[in-house]
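Structure first, then comments.
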Amino acid sequence: MFLCVSPNPAVDKRVRMGSLRRGQVNRAESAKGYAGGKAAHVAMVLHTLGEDTRWAGLCGGASGAEIVEGLMKLGIAASGGFTEKPARTNLEIVEEDGTVTEVLEPGETPGAEELAVFESACVREFSRHGENLSVVFSGSLPGNTKPDLYARLIAMAKQFKCKTFLDASGAALREGLKAKPFFLKPNREEASALFDQPVTSLSTGVSALRRLLQAGAESAALSLGKDGLLYCAGPEEPVLLALGLTVEARSTVGCGDSALAGFASGIASKRTACETLQLATACAAANCIADSPGAARIEDIRRFRQQALVQTLEDIP
């Protein structure tokens, strides 16, 4: 079973238009809203892969109800804590030439009691399923929430022998790493900021990946965008590289979340490191051509998995 934890969920609104003109009135060709936030995208793809998936979010208001209802309609059990203030909205503007502009709201700060209820709901899931549960912590933290929230939840999940997966940025990533999650997946910008060292090449990417393992992550992946995806299944394991697949992308929003779902599913089902990386790469590619973030189709995932090529470091010229 998988539990996707979302302290700062959102309604994802995808707006399509011919071109975005700054400082002028812009009229959209279409606008659609979906249940969103990074953890929701992960949950959607895990569900598409046939995994038993739950989602726990901290949200409120009409927008929060929209998120929960959207996930429930997809067949994903949604629970968690509800707040007095409404959930945020993330705006994705897609232009005719493929340019994507995102405007991400910060999210309202939850009250102390609201946050305590949410944490208790998560711990109940940890204790109920124990070592059979993989917990995915993904996305930003709301408002002025203390950056150690993920670290605290990871520590509690590990007490019940749950596998913990973390995808965060900034202080939340830095604090979460201290809790030594089972798996960590930053992108190159997040890793660059974490270590204050630019990740601009394959060699610097490998160096950053090794530093993540040295800092306490049991396994890790590093997204290099169009340059591919690095993965190391453990400190004594080789680093693997999957080159990015060539697709006519509608949008890359949610691709990292989809890759995380592939890693979580592959690891939980005891696929080899190579097979797990192929699945993660396929999920990311399938998300690129999906109608909305997290809406990757299983037939596309299967097709791209056959195309995904994985190399070990020794194979790379």
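Residue names in the structure tokens use chain letters A, B, ... in the order shown, residue numbers from 1 in each chain, and ligand numbers from 1 in the order shown.
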
Within 12 Å of range 14-25 of chain A: each range 95-117 of chain A residue with its shortest pair, only C-alpha atoms, as a Markdown table:
| residue | atom | partner | partner_atom | distance |
| --- | --- | --- | --- | --- |
| A:Glu95 | CA | A:Ser19 | CA | 5.1 |
| A:Glu96 | CA | A:Gly18 | CA | 4.8 |
| A:Asp97 | CA | A:Ser19 | CA | 7.8 |
| A:Gly98 | CA | A:Ser19 | CA | 9.6 |
| A:Thr99 | CA | A:Ser19 | CA | 8.6 |
| A:Val100 | CA | A:Arg16 | CA | 9.5 |
| A:Thr101 | CA | A:Leu20 | CA | 9.0 |
| A:Glu102 | CA | A:Arg14 | CA | 9.3 |
| A:Val103 | CA | A:Arg14 | CA | 10.7 |
| A:Leu104 | CA | A:Arg14 | CA | 12.0 |

Atoms to include: C-alpha atoms. Write the selected residues as an mmCIF file, in the first residue's frame.
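Output file result_5.cif is given in full below:
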data_model
loop_
_atom_site.group_PDB
_atom_site.id
_atom_site.type_symbol
_atom_site.label_atom_id
_atom_site.label_comp_id
_atom_site.auth_asym_id
_atom_site.auth_seq_id
_atom_site.Cartn_x
_atom_site.Cartn_y
_atom_site.Cartn_z
ATOM 1 C CA GLU A 95 0.894 28.762 -24.972
ATOM 2 C CA GLU A 96 0.427 27.549 -28.526
ATOM 3 C CA ASP A 97 4.192 27.258 -29.095
ATOM 4 C CA GLY A 98 4.564 24.977 -26.054
ATOM 5 C CA THR A 99 5.822 27.614 -23.610
ATOM 6 C CA VAL A 100 4.586 26.896 -20.082
ATOM 7 C CA THR A 101 4.352 29.531 -17.336
ATOM 8 C CA GLU A 102 3.459 28.509 -13.787
ATOM 9 C CA VAL A 103 2.084 30.715 -11.007
ATOM 10 C CA LEU A 104 2.128 28.825 -7.708
#

Closest pair table for range 205-285 of chain A residues within 7 Å of range 42-62 of chain A, only C-alpha atoms, as a Markdown table:
| residue | atom | partner | partner_atom | distance |
| --- | --- | --- | --- | --- |
| A:Asp257 | CA | A:Val42 | CA | 5.2 |
| A:Ser258 | CA | A:Val42 | CA | 5.6 |
| A:Leu260 | CA | A:Val42 | CA | 6.7 |
| A:Ala261 | CA | A:Val42 | CA | 5.1 |
| A:Ser265 | CA | A:Leu46 | CA | 6.8 |

Can you list, as a PDB file with C-alpha atoms, in the first residue's frame, all residues belonging to range 262-305 of chain A that DSSP tags as alpha helix (DSSP H)?
ATOM      1  CA  GLY A 262       7.527   4.901 -10.946  1.00  0.00           C
ATOM      2  CA  PHE A 263      10.399   4.642  -8.482  1.00  0.00           C
ATOM      3  CA  ALA A 264       8.060   3.956  -5.551  1.00  0.00           C
ATOM      4  CA  SER A 265       6.148   1.285  -7.459  1.00  0.00           C
ATOM      5  CA  GLY A 266       9.272  -0.361  -8.846  1.00  0.00           C
ATOM      6  CA  ILE A 267      11.005  -0.493  -5.473  1.00  0.00           C
ATOM      7  CA  ALA A 268       7.936  -1.792  -3.637  1.00  0.00           C
ATOM      8  CA  ALA A 273      17.314  -1.175 -10.254  1.00  0.00           C
ATOM      9  CA  CYS A 274      17.395  -1.129 -14.055  1.00  0.00           C
ATOM     10  CA  GLU A 275      13.707  -2.053 -14.345  1.00  0.00           C
ATOM     11  CA  THR A 276      12.768   0.518 -11.713  1.00  0.00           C
ATOM     12  CA  LEU A 277      14.605   3.274 -13.564  1.00  0.00           C
ATOM     13  CA  GLN A 278      12.961   2.245 -16.839  1.00  0.00           C
ATOM     14  CA  LEU A 279       9.538   2.460 -15.201  1.00  0.00           C
ATOM     15  CA  ALA A 280      10.271   5.871 -13.677  1.00  0.00           C
ATOM     16  CA  THR A 281      11.482   7.186 -17.042  1.00  0.00           C
ATOM     17  CA  ALA A 282       8.381   5.823 -18.778  1.00  0.00           C
ATOM     18  CA  CYS A 283       6.036   7.417 -16.238  1.00  0.00           C
ATOM     19  CA  ALA A 284       7.707  10.811 -16.728  1.00  0.00           C
ATOM     20  CA  ALA A 285       7.485  10.560 -20.521  1.00  0.00           C
ATOM     21  CA  ALA A 286       3.841   9.489 -20.379  1.00  0.00           C
ATOM     22  CA  ASN A 287       3.044  12.494 -18.188  1.00  0.00           C
ATOM     23  CA  CYS A 288       4.539  14.825 -20.816  1.00  0.00           C
ATOM     24  CA  ILE A 298      -1.031   3.052 -18.662  1.00  0.00           C
ATOM     25  CA  GLU A 299      -0.694   2.210 -22.363  1.00  0.00           C
ATOM     26  CA  ASP A 300       1.767   5.085 -22.816  1.00  0.00           C
ATOM     27  CA  ILE A 301       3.731   4.014 -19.737  1.00  0.00           C
ATOM     28  CA  ARG A 302       4.030   0.457 -21.090  1.00  0.00           C
ATOM     29  CA  ARG A 303       5.116   1.707 -24.516  1.00  0.00           C
ATOM     30  CA  PHE A 304       7.747   4.089 -23.164  1.00  0.00           C
ATOM     31  CA  ARG A 305       9.061   1.470 -20.729  1.00  0.00           C
TER      32      ARG A 305
END

Practice task
Extract, using only C-alpha atoms, all DNA, RNA and protein residues at most 10 Å from Leu173 in chain A, discarding same-chain residues fewer than 5 positions from it, and format them as JSON, numbers by chain.
Solution key: {"A": [138, 139, 140, 147, 148, 150, 151, 166, 167, 168, 178, 184, 185, 186, 190, 191, 194]}

Just the selected residues (C-alpha atoms), exported as a compact mmCIF listing (two decimals), in the first residue's frame, please.
# COMPACT_ATOMS: atom_id res chain seq x y z
CA SER A 138 6.08 15.28 -1.75
CA GLY A 139 5.73 18.98 -2.44
CA SER A 140 6.09 22.31 -0.70
CA PRO A 147 10.60 23.23 7.65
CA ASP A 148 11.12 20.11 9.78
CA TYR A 150 8.70 16.16 6.70
CA ALA A 151 11.61 15.21 8.94
CA LEU A 166 10.90 12.29 -0.12
CA ASP A 167 10.65 14.88 -2.89
CA ALA A 168 11.00 18.42 -1.54
CA LYS A 178 18.50 14.65 8.21
CA LEU A 184 15.19 10.86 -2.09
CA LYS A 185 14.56 12.48 -5.50
CA PRO A 186 15.56 16.12 -6.02
CA GLU A 190 17.16 21.51 -5.84
CA ALA A 191 20.41 19.55 -5.50
CA LEU A 194 21.15 21.97 -1.25

Exercise for the section: Have a look at A:Leu224, A:Ala171, A:Met1, A:Leu141 and name the one nearest to Pro110 in chain A; count only C-alpha atoms. Expected result: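 The shortest atom-to-atom distance to Pro110 in chain A comes from A:Leu141.
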
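With only C-alpha atoms as the atoms that count, the minimum distance from Ala121 in chain A to the choices A:Pro238, A:Gly81, A:Gly33, A:Gly75 is reached by A:Gly81.
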
Practice task
Check the DSSP output for the backbone and give back, as a PyMOL selection string, the residues of range 40-132 of chain A in strand (DSSP E or B).
Solution key: chain A and resi 53-60+77-83+88-95+100-104

Could you name the residues that touch Lys163 in chain A at 9 Å or less, counting only C-alpha atoms, but leaving out those on the same chain fewer than 2 positions away, as a PDB file with C-alpha atoms, in the first residue's frame?
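Okay, part-v5.pdb is ready:
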ATOM      1  CA  GLY A 130       3.594  -0.780   9.187  1.00  0.00           C
ATOM      2  CA  GLU A 131       6.205  -2.346   6.929  1.00  0.00           C
ATOM      3  CA  ASN A 132       3.594  -2.953   4.222  1.00  0.00           C
ATOM      4  CA  LEU A 133       3.244   0.793   3.699  1.00  0.00           C
ATOM      5  CA  SER A 134       5.359   2.992   1.436  1.00  0.00           C
ATOM      6  CA  VAL A 135       4.934   6.666   2.359  1.00  0.00           C
ATOM      7  CA  VAL A 136       5.603   9.375  -0.221  1.00  0.00           C
ATOM      8  CA  ILE A 154       9.652  10.513   8.241  1.00  0.00           C
ATOM      9  CA  ALA A 157       6.968   6.493   9.763  1.00  0.00           C
ATOM     10  CA  LYS A 158      10.311   4.770  10.227  1.00  0.00           C
ATOM     11  CA  LYS A 161       9.072   0.284   9.557  1.00  0.00           C
ATOM     12  CA  PHE A 165      10.167   8.556  -0.072  1.00  0.00           C
ATOM     13  CA  PRO A 181      14.589   8.706   4.213  1.00  0.00           C
ATOM     14  CA  PHE A 182      14.709   5.444   2.306  1.00  0.00           C
ATOM     15  CA  PHE A 183      14.591   7.271  -1.039  1.00  0.00           C
ATOM     16  CA  ALA A 268       7.936  -1.792  -3.637  1.00  0.00           C
TER      17      ALA A 268
END

Practice task
Work out how far apart CA of Gly107 in chain A and CA of Pro142 in chain A are and give it in Å to one decimal.
Solution key: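 Spanning CA of Gly107 in chain A to CA of Pro142 in chain A is a straight-line distance of 4.7 Å.
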
Practice task
Choose the residue, out of A:Glu189, A:Pro9, A:Leu177, A:Leu230, that has the smallest atom-to-atom separation from Leu212 in chain A; count only C-alpha atoms.
Solution key: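 Among the listed residues, the smallest separation from Leu212 in chain A belongs to A:Leu177.
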
Exercise for the section: Would you mind telling me which residue in A:Gln214, A:Ser192, A:Ser79, A:Ser207 lies nearest to Ile67 in chain A when using only C-alpha atoms? Expected result: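 Once distances to Ile67 in chain A are computed over only C-alpha atoms, the minimum belongs to A:Ser79.
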
Exercise for the section: Find, counting only C-alpha atoms, the residue in A:Leu241, A:Ala295, A:Val206, A:Ala87 that gets nearest to Val310 in chain A. Expected result: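 Of A:Leu241, A:Ala295, A:Val206, A:Ala87, the one nearest Val310 in chain A, counting only C-alpha atoms, is A:Leu241.
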